[in-house]
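Q: Contents of data_18.txt (compact mmCIF, C-alpha atoms and all ligand atoms) are below:
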```
# COMPACT_ATOMS: atom_id res chain seq x y z
CA MET S 5 187.04 157.05 132.79
CA LYS S 6 183.83 157.37 130.81
CA LYS S 7 180.41 156.00 131.68
CA ILE S 8 178.03 154.07 129.41
CA GLU S 9 174.30 154.62 129.33
CA ILE S 10 172.17 151.87 127.76
CA ALA S 11 168.59 152.49 126.59
CA GLY S 12 166.62 149.22 126.60
CA GLY S 13 166.90 146.39 129.12
CA GLY S 14 166.19 143.44 126.82
CA LEU S 15 168.78 140.77 126.06
CA ALA S 16 171.22 143.02 124.22
CA GLY S 17 171.08 145.79 126.85
CA LEU S 18 171.24 143.56 129.93
CA SER S 19 173.99 141.27 128.62
CA LEU S 20 176.10 144.24 127.52
CA GLY S 21 175.49 145.89 130.89
CA ILE S 22 176.66 142.77 132.75
CA ALA S 23 179.77 142.39 130.58
CA LEU S 24 180.73 146.05 131.05
CA ARG S 25 180.16 145.90 134.81
CA ARG S 26 182.40 142.81 135.04
CA ARG S 27 185.13 144.98 133.49
CA GLY S 28 184.54 147.79 135.98
CA VAL S 29 182.70 150.18 133.64
CA PRO S 30 179.98 152.35 135.26
CA VAL S 31 176.65 151.56 133.54
CA LEU S 32 173.23 153.17 133.74
CA LEU S 33 170.49 151.08 132.11
CA ARG S 34 167.12 152.68 131.35
CA GLU S 35 164.23 150.30 130.69
CA ALA S 36 160.83 151.57 129.55
CA SER S 37 158.97 148.72 131.25
CA THR S 38 159.42 146.42 134.29
CA TYR S 39 160.56 142.84 135.15
CA PRO S 40 159.62 140.06 134.96
CA ARG S 41 157.22 140.00 132.05
CA HIS S 42 156.11 137.83 129.16
CA ARG S 43 157.41 138.76 125.73
CA VAL S 44 156.55 137.69 122.21
CA CYS S 45 159.28 135.15 121.52
CA GLY S 46 159.60 131.50 120.41
CA GLU S 47 161.74 130.93 123.53
CA PHE S 48 164.43 128.79 121.93
CA ILE S 49 167.92 130.07 121.03
CA ASN S 50 169.64 128.72 117.97
CA GLY S 51 173.29 129.38 117.42
CA VAL S 52 174.61 131.09 120.52
CA THR S 53 177.99 129.66 121.51
CA GLU S 54 179.30 128.88 124.97
CA ASN S 55 182.16 131.26 124.18
CA THR S 56 179.81 134.23 123.61
CA LEU S 57 177.98 133.49 126.87
CA GLU S 58 181.34 133.21 128.70
CA VAL S 59 182.70 136.47 127.28
CA LEU S 60 179.55 138.26 128.40
CA GLY S 61 179.68 136.56 131.81
CA ILE S 62 176.19 135.11 131.48
CA ALA S 63 176.89 131.39 130.91
CA PRO S 64 175.77 130.39 134.48
CA ILE S 65 172.32 131.84 133.75
CA PHE S 66 171.80 129.02 131.25
CA HIS S 67 173.13 126.14 133.39
CA ASP S 68 169.67 124.59 133.61
CA ALA S 69 168.32 125.73 130.23
CA LEU S 70 166.64 123.02 128.19
CA ARG S 71 168.64 121.57 125.31
CA HIS S 72 166.48 120.93 122.23
CA HIS S 73 167.94 118.40 119.81
CA SER S 74 165.36 117.81 117.12
CA THR S 75 162.69 119.52 115.11
CA ARG S 76 159.62 118.70 113.01
CA TRP S 77 158.22 120.96 110.29
CA TRP S 78 154.73 121.01 108.78
CA MET S 79 153.59 122.76 105.61
CA GLY S 80 149.88 123.24 106.20
CA GLU S 81 148.69 119.84 107.43
CA CYS S 82 151.53 117.89 105.81
CA ARG S 83 154.66 116.96 107.76
CA ILE S 84 157.59 117.73 105.49
CA LEU S 85 160.67 117.43 107.68
CA GLU S 86 162.08 115.75 110.76
CA ALA S 87 165.68 116.65 111.56
CA THR S 88 168.32 116.65 114.25
CA LEU S 89 169.70 120.11 114.97
CA PRO S 90 173.44 120.25 114.18
CA ARG S 91 173.83 122.11 117.51
CA PRO S 92 171.24 121.89 120.30
CA ALA S 93 169.05 124.98 120.80
CA LEU S 94 168.77 126.45 124.31
CA GLY S 95 165.31 126.73 125.81
CA MET S 96 164.08 129.02 128.59
CA SER S 97 161.04 131.25 129.02
CA ARG S 98 161.67 134.97 128.52
CA TRP S 99 159.99 135.63 131.87
CA GLU S 100 162.79 133.65 133.51
CA MET S 101 165.69 134.67 131.25
CA ASP S 102 165.15 138.43 131.41
CA GLU S 103 164.62 138.31 135.17
CA ARG S 104 167.83 136.31 135.71
CA LEU S 105 169.81 138.79 133.59
CA ARG S 106 168.30 141.75 135.45
CA ARG S 107 169.30 140.22 138.79
CA VAL S 108 172.91 139.61 137.71
CA PHE S 109 173.19 143.12 136.24
CA GLU S 110 172.14 144.66 139.55
CA GLU S 111 174.31 142.27 141.59
CA GLU S 112 177.29 143.40 139.49
CA GLY S 113 176.61 147.00 140.51
CA GLY S 114 174.75 148.18 137.40
CA VAL S 115 172.23 150.97 137.94
CA LEU S 116 168.82 150.03 136.56
CA ARG S 117 165.96 152.47 136.12
CA THR S 118 162.69 150.80 135.18
CA ASN S 119 159.61 152.60 133.80
CA ASP S 120 162.08 155.01 132.26
CA ARG S 121 161.65 155.62 128.52
CA ALA S 122 164.73 157.14 126.90
CA LYS S 123 164.61 159.42 123.86
CA PRO S 124 166.47 158.32 120.73
CA VAL S 125 168.68 161.39 120.71
CA PRO S 126 172.28 160.52 119.75
CA ARG S 127 174.86 161.54 122.30
CA GLU S 128 178.25 160.41 123.51
CA GLY S 129 178.19 157.22 125.59
CA LEU S 130 174.58 156.29 124.72
CA VAL S 131 173.98 152.73 123.42
CA TRP S 132 170.55 152.21 121.90
CA ALA S 133 169.35 148.64 122.61
CA ALA S 134 165.64 149.50 122.75
CA GLY S 135 164.45 146.84 120.31
CA ARG S 136 162.67 147.09 117.00
CA HIS S 137 162.07 150.35 115.21
CA LEU S 138 158.37 151.22 115.20
CA GLU S 139 156.78 151.13 111.75
CA LYS S 140 153.05 151.78 111.93
CA GLU S 141 152.23 150.64 108.38
CA SER S 142 153.76 147.18 108.91
CA GLN S 143 151.39 144.25 108.34
CA LEU S 144 153.27 141.88 110.67
CA LEU S 145 151.75 140.61 113.89
CA GLY S 146 153.55 138.49 116.50
CA LEU S 147 151.55 136.49 119.05
CA LYS S 148 152.59 134.19 121.84
CA GLY S 149 151.07 132.22 124.72
CA HIS S 150 151.96 129.36 127.09
CA PHE S 151 149.83 126.21 126.84
CA GLU S 152 149.36 123.11 128.94
CA GLY S 153 148.15 119.84 127.42
CA LEU S 154 150.17 119.74 124.17
CA ASN S 155 152.42 116.76 123.56
CA LEU S 156 155.39 117.63 121.32
CA GLU S 157 157.17 114.27 121.88
CA GLY S 158 160.36 116.22 122.67
CA TYR S 159 160.49 118.06 119.32
CA LEU S 160 160.52 121.74 118.43
CA GLU S 161 157.59 122.11 116.04
CA MET S 162 157.35 124.60 113.18
CA HIS S 163 154.08 124.99 111.25
CA ILE S 164 153.91 126.99 108.06
CA GLY S 165 150.56 128.42 107.03
CA GLU S 166 149.35 130.92 104.45
CA GLY S 167 151.52 134.00 105.00
CA SER S 168 152.40 132.88 108.51
CA TYR S 169 154.50 130.52 110.58
CA ILE S 170 154.28 129.36 114.16
CA GLY S 171 156.67 127.54 116.47
CA LEU S 172 155.91 125.28 119.44
CA THR S 173 158.64 124.87 122.07
CA PRO S 174 158.63 122.93 125.35
CA ILE S 175 159.66 125.24 128.20
CA THR S 176 159.61 122.79 131.11
CA PRO S 177 161.82 119.67 131.36
CA ASP S 178 158.80 117.32 131.32
CA GLY S 179 157.31 119.15 128.32
CA SER S 180 154.09 119.90 130.19
CA LEU S 181 154.27 123.63 129.40
CA VAL S 182 154.66 124.68 125.78
CA ASN S 183 155.37 128.11 124.33
CA VAL S 184 153.37 128.81 121.17
CA CYS S 185 154.56 131.80 119.15
CA GLY S 186 153.84 132.85 115.62
CA LEU S 187 154.26 135.52 113.02
CA PHE S 188 151.04 136.40 111.18
CA LYS S 189 149.60 138.99 108.85
CA LYS S 190 147.53 141.60 110.65
CA ARG S 191 143.81 141.67 109.85
CA LYS S 192 140.82 143.61 111.06
CA ASN S 193 138.02 141.15 111.80
CA ARG S 194 138.86 138.63 114.46
CA LYS S 195 136.28 135.97 115.31
CA GLY S 196 137.31 133.51 118.04
CA GLU S 197 138.10 134.08 121.68
CA ASN S 198 141.75 133.09 121.49
CA PRO S 199 143.66 135.34 119.04
CA ILE S 200 146.34 132.67 118.42
CA VAL S 201 143.79 129.99 117.52
CA ASP S 202 141.90 132.53 115.42
CA ALA S 203 145.06 133.55 113.53
CA LEU S 204 145.91 129.87 112.92
CA ARG S 205 142.47 129.14 111.44
CA HIS S 206 142.82 132.17 109.22
CA SER S 207 146.19 130.82 108.01
CA GLY S 208 144.65 127.46 107.10
CA LEU S 209 146.24 125.62 110.04
CA GLU S 210 143.00 124.01 111.24
CA VAL S 211 144.55 120.85 112.74
CA LEU S 212 146.96 122.85 114.88
CA ALA S 213 144.17 125.27 115.84
CA ASP S 214 142.07 122.28 117.02
CA ARG S 215 145.04 120.99 119.05
CA LEU S 216 145.37 124.36 120.78
CA ASP S 217 141.62 124.55 121.33
CA ARG S 218 141.83 121.27 123.30
CA ALA S 219 144.78 122.58 125.37
CA THR S 220 144.74 125.23 128.12
CA MET S 221 146.40 128.60 127.70
CA ASP S 222 147.67 130.68 130.61
CA PRO S 223 145.81 133.93 129.82
CA LYS S 224 148.50 136.02 131.55
CA SER S 225 151.11 134.74 129.10
CA LEU S 226 149.23 135.96 126.03
CA THR S 227 151.19 138.80 124.40
CA GLY S 228 151.27 140.43 121.00
CA ILE S 229 153.35 142.91 119.04
CA SER S 230 152.87 144.70 115.75
CA GLY S 231 154.36 147.69 113.97
CA PHE S 232 157.76 146.22 113.11
CA HIS S 233 159.65 145.18 110.03
CA LEU S 234 162.39 142.61 109.54
CA GLY S 235 165.95 143.28 108.40
CA SER S 236 167.91 146.49 108.93
CA GLN S 237 166.26 148.99 111.26
CA GLY S 238 168.13 152.00 109.85
CA ALA S 239 171.66 151.45 111.08
CA GLU S 240 172.80 154.59 109.26
CA SER S 241 171.21 156.58 112.09
CA ALA S 242 173.63 158.47 114.31
CA LEU S 243 172.75 156.24 117.27
CA CYS S 244 174.96 153.37 118.44
CA THR S 245 172.40 150.56 117.96
CA LEU S 246 172.55 146.91 119.08
CA GLY S 247 170.28 143.84 118.93
CA ASP S 248 166.87 144.24 117.28
CA ALA S 249 167.38 148.00 117.25
CA GLU S 250 170.13 147.41 114.68
CA ARG S 251 168.60 144.61 112.60
CA MET S 252 165.95 141.93 113.01
CA ILE S 253 166.41 138.42 111.70
CA PRO S 254 163.16 136.60 110.73
CA PRO S 255 161.97 134.68 113.78
CA PHE S 256 161.72 131.23 112.14
CA THR S 257 165.54 131.03 112.57
CA GLY S 258 165.31 131.19 116.38
CA ASN S 259 168.49 133.26 116.14
CA GLY S 260 167.34 136.76 117.22
CA MET S 261 168.27 136.24 120.87
CA SER S 262 171.69 134.93 119.87
CA MET S 263 172.14 138.04 117.71
CA ALA S 264 171.24 140.22 120.69
CA PHE S 265 174.00 138.52 122.74
CA GLU S 266 176.45 138.48 119.84
CA SER S 267 175.89 142.18 119.20
CA ALA S 268 176.76 142.90 122.84
CA GLU S 269 179.89 140.77 122.37
CA CYS S 270 180.84 142.73 119.20
CA ALA S 271 180.37 146.09 120.96
CA LEU S 272 182.17 145.17 124.18
CA PRO S 273 185.86 145.76 123.27
CA HIS S 274 185.11 149.05 121.50
CA LEU S 275 183.00 150.40 124.36
CA PHE S 276 185.71 149.38 126.80
CA ARG S 277 188.33 151.29 124.76
CA TYR S 278 186.02 154.31 124.71
CA HIS S 279 185.59 154.05 128.49
CA SER S 280 189.38 153.94 128.96
CA GLY S 281 189.88 156.98 126.72
CA GLU S 282 191.74 154.99 124.02
CA VAL S 283 189.27 155.84 121.24
CA SER S 284 186.72 158.59 120.67
CA TRP S 285 182.97 157.91 120.78
CA GLU S 286 182.70 158.38 117.00
CA GLU S 287 185.50 155.88 116.40
CA ALA S 288 184.00 153.31 118.80
CA LYS S 289 180.61 153.66 117.11
CA LYS S 290 182.13 153.21 113.65
CA ARG S 291 184.02 150.09 114.71
CA ILE S 292 180.92 148.60 116.36
CA ARG S 293 178.87 149.16 113.21
CA CYS S 294 181.54 147.46 111.04
CA SER S 295 181.77 144.52 113.41
CA LEU S 296 177.98 144.02 113.45
CA ASP S 297 177.78 144.25 109.68
CA GLU S 298 180.55 141.73 109.19
CA ARG S 299 178.97 139.26 111.56
CA PHE S 300 175.31 139.56 110.56
CA ARG S 301 175.02 140.81 106.97
CA SER S 302 175.00 137.49 105.07
CA ARG S 303 173.10 135.62 107.83
CA VAL S 304 170.21 138.08 107.81
CA LYS S 305 170.18 138.32 103.99
CA LEU S 306 169.77 134.55 103.66
CA ALA S 307 167.12 134.50 106.40
CA LEU S 308 165.12 137.27 104.70
CA GLY S 309 165.20 135.32 101.41
CA LEU S 310 163.92 132.18 103.13
CA HIS S 311 161.31 134.17 105.03
CA ARG S 312 159.95 135.40 101.68
CA CYS S 313 159.79 131.76 100.48
CA LEU S 314 157.99 130.61 103.63
CA THR S 315 155.36 133.33 103.31
CA ASN S 316 154.57 132.99 99.60
CA VAL S 317 152.72 130.29 97.64
CA VAL S 318 155.42 129.49 95.09
CA GLY S 319 158.20 129.53 97.68
CA ARG S 320 156.23 127.17 99.93
CA ALA S 321 155.69 124.75 97.05
CA ILE S 322 159.41 124.73 96.25
CA LEU S 323 160.38 124.21 99.90
CA THR S 324 157.84 121.42 100.31
CA SER S 325 159.07 119.55 97.27
CA ALA S 326 162.73 120.01 98.31
CA ALA S 327 162.01 118.81 101.86
CA CYS S 328 159.85 115.85 100.78
CA SER S 329 162.37 114.67 98.20
CA GLY S 330 165.17 114.91 100.79
CA VAL S 331 167.23 117.55 98.94
CA LEU S 332 166.64 120.46 101.36
CA PRO S 333 170.10 121.13 102.86
CA PHE S 334 168.74 121.55 106.40
CA SER S 335 172.04 121.20 108.29
CA TRP S 336 173.82 123.63 105.95
CA LEU S 337 171.00 126.17 106.28
CA HIS S 338 170.94 125.74 110.04
CA ARG S 339 174.66 126.49 110.25
CA ARG S 340 174.42 129.50 107.93
CA LEU S 341 171.49 130.92 109.91
CA SER S 342 173.13 130.72 113.30
C1 LIG O 1 157.22 136.51 116.70
C2 LIG O 1 158.64 136.48 117.16
C3 LIG O 1 159.20 135.29 117.62
C4 LIG O 1 160.52 135.24 118.00
N1 LIG O 1 161.06 134.05 118.40
C5 LIG O 1 162.38 133.96 118.69
C6 LIG O 1 162.97 132.72 119.06
O1 LIG O 1 162.32 131.68 119.19
N2 LIG O 1 164.31 132.69 119.29
C7 LIG O 1 165.09 133.80 119.17
O2 LIG O 1 166.30 133.70 119.38
N3 LIG O 1 164.55 134.99 118.86
C8 LIG O 1 163.22 135.10 118.63
N4 LIG O 1 162.68 136.31 118.31
C9 LIG O 1 163.55 137.50 118.31
C10 LIG O 1 163.99 137.91 119.70
O3 LIG O 1 162.88 137.98 120.57
C11 LIG O 1 164.67 139.27 119.62
O4 LIG O 1 165.61 139.24 118.58
C12 LIG O 1 165.39 139.64 120.93
O5 LIG O 1 164.49 139.72 121.98
C13 LIG O 1 166.09 140.98 120.73
O6 LIG O 1 166.60 141.44 121.95
P1 LIG O 1 166.86 143.00 122.15
O7 LIG O 1 167.48 143.13 123.48
O8 LIG O 1 167.57 143.55 120.97
O9 LIG O 1 165.41 143.67 122.11
P2 LIG O 1 164.19 143.46 123.11
O10 LIG O 1 164.23 142.12 123.74
O11 LIG O 1 162.99 143.86 122.33
O12 LIG O 1 164.44 144.52 124.25
C14 LIG O 1 164.31 145.90 124.04
C15 LIG O 1 163.96 146.53 125.39
O13 LIG O 1 163.98 147.95 125.24
C16 LIG O 1 162.87 148.48 125.97
N5 LIG O 1 162.60 149.79 125.37
C17 LIG O 1 161.93 150.06 124.23
N6 LIG O 1 161.93 151.38 123.99
C18 LIG O 1 162.63 151.96 125.00
C19 LIG O 1 163.01 153.29 125.28
N7 LIG O 1 162.68 154.30 124.48
N8 LIG O 1 163.74 153.53 126.42
C20 LIG O 1 164.09 152.51 127.24
N9 LIG O 1 163.76 151.22 127.00
C21 LIG O 1 163.06 150.95 125.89
C22 LIG O 1 161.78 147.47 125.82
O14 LIG O 1 160.82 147.57 126.85
C23 LIG O 1 162.57 146.16 125.89
O15 LIG O 1 162.67 145.68 127.20
C24 LIG O 1 161.34 136.40 117.95
C25 LIG O 1 160.78 137.61 117.52
C26 LIG O 1 159.44 137.65 117.13
C27 LIG O 1 158.86 138.95 116.65
```
Can you give me the file's structure in the form of structure tokens?

A:
Amino acid sequence: MKKIEIAGGGLAGLSLGIALRRRGVPVLLREASTYPRHRVCGEFINGVTENTLEVLGIAPIFHDALRHHSTRWWMGECRILEATLPRPALGMSRWEMDERLRRVFEEEGGVLRTNDRAKPVPREGLVWAAGRHLEKESQLLGLKGHFEGLNLEGYLEMHIGEGSYIGLTPITPDGSLVNVCGLFKKRKNRKGENPIVDALRHSGLEVLADRLDRATMDPKSLTGISGFHLGSQGAESALCTLGDAERMIPPFTGNGMSMAFESAECALPHLFRYHSGEVSWEEAKKRIRCSLDERFRSRVKLALGLHRCLTNVVGRAILTSAACSGVLPFSWLHRRLS
């Protein structure tokens, strides 16, 4: 019986580890950092099904997750859309979610090594779930922080600025704590004290920046990431990659966490067959790659196209006019992107 080693204890790595442990597979998980911690994330999950959570054995973790039913979108200062989500999005802070998954993984007998950075050297039995591929030249910047004193009236908010977008998500049942997370273009000269407010002003989102200025941010929750690109992360590599390490969907979809879980679900039967000696490592890896491609290719392609629209002047004008005239097929897009 063969063992599995997983590099990266994010959502893909932990959920895969739990699912394998529940099937009796020995798993070593190596995580470069520690738990719990804040992560750059919009903290709402679009698209994940109850079935995926059940297969992975992680449905109970979400028993008390928030259920978000509706969303409002702004283009600059102009509200362009208010819609009901065809399927509610799950809401939970990453601090809480990652910690709950870690606990279950260890309770199931998984071996976790924190502060342990693995090397991306392909070898039999190694699953690479270590997140995005580092790309130093990338101009993308992700920022997030938790705020008190913002009233979202129960909606998920999305604000589109010049070359940027930012989402606001309630993370407590009474809506008193709100996660604010955005994707911006990197720039050199920052002015204000709060990098999120500063980035918003630079994107022309003055009204939202003023709202955040009047609210209170938990300074410990402020996190940022850069050096990443969206789309395929180089799946042709000889590693067996899952989650963001395989491909990154643009964050406006709120579907990246679902993809992390779904990728674990796709890999599970093939890794189990490898563990039982039914298929070779090369065969398991090939089947996993096919399964991921089948499930994610068209979803990510559509999301990348829309991301380009959201971050360019002409695309924004077209989206605004479609949304304001009521012809934007929101429900269809939502289903295709999740
Ligand atoms: C700005 C922004 C907003 C987002 N908002 C949302 C949202 O609202 N909803 C949504 O669904 N998705 C969102 N996402 C995407 C989502 O966060 C990711 O898709 C998801 O976290 C991917 O999970 P993962 O397990 O693949 O990777 P990660 O969660 O990144 O986990 C990878 C883990 O590997 C560890 N690691 C890295 N290198 C090594 C190494 N060499 N050895 C060992 N461990 C290593 C890291 O410390 C990390 O813990 C957002 C992304 C961005 C950038």

Q: Could you check the closest approach to Arg277 of chain S for each of S:Leu204, S:Ser342, S:Lys6, S:Tyr159 and tell me which residue wins, using only C-alpha atoms?

A: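 Of S:Leu204, S:Ser342, S:Lys6, S:Tyr159, the one nearest Arg277 of chain S is S:Lys6, counting only C-alpha atoms.
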
Q: Looking at all atoms listed in the file, which of S:Gly146, S:Gly129, S:Gly153, S:Gly319 is the one that sits closest to ligand LIG 1 (chain O)?

A: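 Of S:Gly146, S:Gly129, S:Gly153, S:Gly319, the one nearest ligand LIG 1 (chain O) is S:Gly146, counting all atoms listed in the file.
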
Q: Output as JSON lines one row per residue of chain S within 7 Å of ligand LIG 1 (chain O): the closest atom pair and its distance in Å to one decimal place, counting only C-alpha atoms and all ligand atoms, sorted by chain and residue number ascending.

A:
```
{"residue": "S:Ala11", "atom": "CA", "partner": "O:LIG1", "partner_atom": "C20", "distance": 4.5}
{"residue": "S:Gly12", "atom": "CA", "partner": "O:LIG1", "partner_atom": "O13", "distance": 3.2}
{"residue": "S:Gly13", "atom": "CA", "partner": "O:LIG1", "partner_atom": "O15", "distance": 4.7}
{"residue": "S:Gly14", "atom": "CA", "partner": "O:LIG1", "partner_atom": "O12", "distance": 3.3}
{"residue": "S:Leu15", "atom": "CA", "partner": "O:LIG1", "partner_atom": "O7", "distance": 3.7}
{"residue": "S:Ala16", "atom": "CA", "partner": "O:LIG1", "partner_atom": "O7", "distance": 3.8}
{"residue": "S:Gly17", "atom": "CA", "partner": "O:LIG1", "partner_atom": "O7", "distance": 5.6}
{"residue": "S:Arg34", "atom": "CA", "partner": "O:LIG1", "partner_atom": "C20", "distance": 5.1}
{"residue": "S:Glu35", "atom": "CA", "partner": "O:LIG1", "partner_atom": "N9", "distance": 3.8}
{"residue": "S:Ala36", "atom": "CA", "partner": "O:LIG1", "partner_atom": "N9", "distance": 3.9}
{"residue": "S:Ser37", "atom": "CA", "partner": "O:LIG1", "partner_atom": "O14", "distance": 4.9}
{"residue": "S:Val44", "atom": "CA", "partner": "O:LIG1", "partner_atom": "C2", "distance": 5.6}
{"residue": "S:Cys45", "atom": "CA", "partner": "O:LIG1", "partner_atom": "C4", "distance": 3.7}
{"residue": "S:Gly46", "atom": "CA", "partner": "O:LIG1", "partner_atom": "O1", "distance": 3.0}
{"residue": "S:Glu47", "atom": "CA", "partner": "O:LIG1", "partner_atom": "O1", "distance": 4.4}
{"residue": "S:Phe48", "atom": "CA", "partner": "O:LIG1", "partner_atom": "O1", "distance": 4.5}
{"residue": "S:Ile49", "atom": "CA", "partner": "O:LIG1", "partner_atom": "O2", "distance": 4.3}
{"residue": "S:Asn50", "atom": "CA", "partner": "O:LIG1", "partner_atom": "O2", "distance": 6.2}
{"residue": "S:Asp120", "atom": "CA", "partner": "O:LIG1", "partner_atom": "C20", "distance": 6.0}
{"residue": "S:Arg121", "atom": "CA", "partner": "O:LIG1", "partner_atom": "N8", "distance": 3.6}
{"residue": "S:Ala122", "atom": "CA", "partner": "O:LIG1", "partner_atom": "N8", "distance": 3.8}
{"residue": "S:Lys123", "atom": "CA", "partner": "O:LIG1", "partner_atom": "N7", "distance": 5.5}
{"residue": "S:Pro124", "atom": "CA", "partner": "O:LIG1", "partner_atom": "N7", "distance": 6.7}
{"residue": "S:Ala133", "atom": "CA", "partner": "O:LIG1", "partner_atom": "O8", "distance": 5.6}
{"residue": "S:Ala134", "atom": "CA", "partner": "O:LIG1", "partner_atom": "O13", "distance": 3.4}
{"residue": "S:Gly135", "atom": "CA", "partner": "O:LIG1", "partner_atom": "O9", "distance": 3.8}
{"residue": "S:Arg136", "atom": "CA", "partner": "O:LIG1", "partner_atom": "O11", "distance": 6.2}
{"residue": "S:Gly146", "atom": "CA", "partner": "O:LIG1", "partner_atom": "C1", "distance": 4.2}
{"residue": "S:Leu147", "atom": "CA", "partner": "O:LIG1", "partner_atom": "C1", "distance": 6.1}
{"residue": "S:Cys185", "atom": "CA", "partner": "O:LIG1", "partner_atom": "C1", "distance": 5.9}
{"residue": "S:Gly186", "atom": "CA", "partner": "O:LIG1", "partner_atom": "C1", "distance": 5.1}
{"residue": "S:Leu187", "atom": "CA", "partner": "O:LIG1", "partner_atom": "C1", "distance": 4.8}
{"residue": "S:Leu246", "atom": "CA", "partner": "O:LIG1", "partner_atom": "O8", "distance": 6.3}
{"residue": "S:Gly247", "atom": "CA", "partner": "O:LIG1", "partner_atom": "O8", "distance": 3.4}
{"residue": "S:Asp248", "atom": "CA", "partner": "O:LIG1", "partner_atom": "O8", "distance": 3.8}
{"residue": "S:Ala249", "atom": "CA", "partner": "O:LIG1", "partner_atom": "O8", "distance": 5.8}
{"residue": "S:Met252", "atom": "CA", "partner": "O:LIG1", "partner_atom": "O4", "distance": 6.2}
{"residue": "S:Ile253", "atom": "CA", "partner": "O:LIG1", "partner_atom": "O4", "distance": 7.0}
{"residue": "S:Pro255", "atom": "CA", "partner": "O:LIG1", "partner_atom": "C4", "distance": 4.5}
{"residue": "S:Phe256", "atom": "CA", "partner": "O:LIG1", "partner_atom": "N1", "distance": 6.9}
{"residue": "S:Gly258", "atom": "CA", "partner": "O:LIG1", "partner_atom": "N2", "distance": 3.4}
{"residue": "S:Asn259", "atom": "CA", "partner": "O:LIG1", "partner_atom": "O2", "distance": 3.9}
{"residue": "S:Gly260", "atom": "CA", "partner": "O:LIG1", "partner_atom": "O4", "distance": 3.3}
{"residue": "S:Met261", "atom": "CA", "partner": "O:LIG1", "partner_atom": "O2", "distance": 3.5}
{"residue": "S:Ser262", "atom": "CA", "partner": "O:LIG1", "partner_atom": "O2", "distance": 5.6}
{"residue": "S:Met263", "atom": "CA", "partner": "O:LIG1", "partner_atom": "O4", "distance": 6.7}
{"residue": "S:Ala264", "atom": "CA", "partner": "O:LIG1", "partner_atom": "O6", "distance": 5.0}
```

Q: What lies within 10 Å of Asn155 of chain S using all atoms listed in the file, ignoring chain neighbours under 4 positions off, as an MDAnalysis selection string?

A: chainID S and resid 159 174 179:182 215 219

Q: Restricting it to C-alpha atoms, dump the selection as a tab-separated table (two decimals), keeping the file's coordinate frame.

A:
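Saved to part31.tsv:
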```
chain	number	residue	atom	x	y	z
S	159	TYR	CA	160.49	118.06	119.32
S	174	PRO	CA	158.63	122.93	125.35
S	179	GLY	CA	157.31	119.15	128.32
S	180	SER	CA	154.09	119.90	130.19
S	181	LEU	CA	154.27	123.63	129.40
S	182	VAL	CA	154.66	124.68	125.78
S	215	ARG	CA	145.04	120.99	119.05
S	219	ALA	CA	144.78	122.58	125.37
```

Q: Considering only C-alpha atoms, return as a CSV table (one decimal) with C-alpha atoms, in the frame of the given file whatever protein or nucleic-acid residues lie within 7 Å of Thr245 of chain S, sequence-local ones (same chain, fewer than 2 positions apart) excluded.

A:
```csv
chain,number,residue,atom,x,y,z
S,131,VAL,CA,174.0,152.7,123.4
S,132,TRP,CA,170.6,152.2,121.9
S,133,ALA,CA,169.4,148.6,122.6
S,239,ALA,CA,171.7,151.4,111.1
S,243,LEU,CA,172.8,156.2,117.3
S,249,ALA,CA,167.4,148.0,117.2
S,250,GLU,CA,170.1,147.4,114.7
```

Q: Could you jot down the atom CA of Glu266 of chain S to atom CA of Leu33 of chain S separation for me, Å, one decimal place?

A: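 Here the two named atoms are 18.6 Å from each other.
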
Q: What separation in Å, quoted to one decimal, exists between atom CA of Met162 of chain S and atom CA of Phe300 of chain S?

A: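 A separation of 23.5 Å between them.
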
Q: Between S:Glu161, S:Glu111, S:Glu54, S:Glu139, single out the one closest to Ile84 of chain S, counting only C-alpha atoms.

A: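 Checking each of S:Glu161, S:Glu111, S:Glu54, S:Glu139 against Ile84 of chain S, counting only C-alpha atoms, the winner is S:Glu161.
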
Q: Using Å and a single decimal, report how far atom CA of Leu145 of chain S sits from atom CA of His233 of chain S.

A: 9.9 Å

Q: Restricting the calculation to all atoms listed in the file: of S:Leu18, S:Met221, S:Leu209, S:Val318, which residue gets closest to Val184 of chain S?

A: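 The answer is S:Met221, which sits nearest to Val184 of chain S.
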
Q: Just the residues within 12 Å of Arg205 of chain S, please, counting only C-alpha atoms, with nothing from its chain fewer than 3 positions along; format it as a VMD selection string.

A: chain S and resid 80 to 81 165 to 166 168 188 194 to 196 198 to 202 208 to 217

Q: Calculated over all atoms listed in the file, which of the candidates S:Thr220, S:Ser230, S:Thr56, S:Ser241 has the smallest distance to Gln143 of chain S?

A: S:Ser230

Q: Give me, as number ranges by chain, all polymer residues having an atom no more than 9 Å from Trp77 of chain S, counting all atoms listed in the file and skipping those fewer than 2 positions away in the same chain.

A: S: 75, 79, 82-87, 160-164

Q: How about saving the chosen residues, C-alpha atoms kept, as an mmCIF file, in the coordinates of the input?

A:
```
data_model
loop_
_atom_site.group_PDB
_atom_site.id
_atom_site.type_symbol
_atom_site.label_atom_id
_atom_site.label_comp_id
_atom_site.auth_asym_id
_atom_site.auth_seq_id
_atom_site.Cartn_x
_atom_site.Cartn_y
_atom_site.Cartn_z
ATOM 1 C CA THR S 75 162.690 119.520 115.110
ATOM 2 C CA MET S 79 153.590 122.760 105.610
ATOM 3 C CA CYS S 82 151.530 117.890 105.810
ATOM 4 C CA ARG S 83 154.660 116.960 107.760
ATOM 5 C CA ILE S 84 157.590 117.730 105.490
ATOM 6 C CA LEU S 85 160.670 117.430 107.680
ATOM 7 C CA GLU S 86 162.080 115.750 110.760
ATOM 8 C CA ALA S 87 165.680 116.650 111.560
ATOM 9 C CA LEU S 160 160.520 121.740 118.430
ATOM 10 C CA GLU S 161 157.590 122.110 116.040
ATOM 11 C CA MET S 162 157.350 124.600 113.180
ATOM 12 C CA HIS S 163 154.080 124.990 111.250
ATOM 13 C CA ILE S 164 153.910 126.990 108.060
#
```
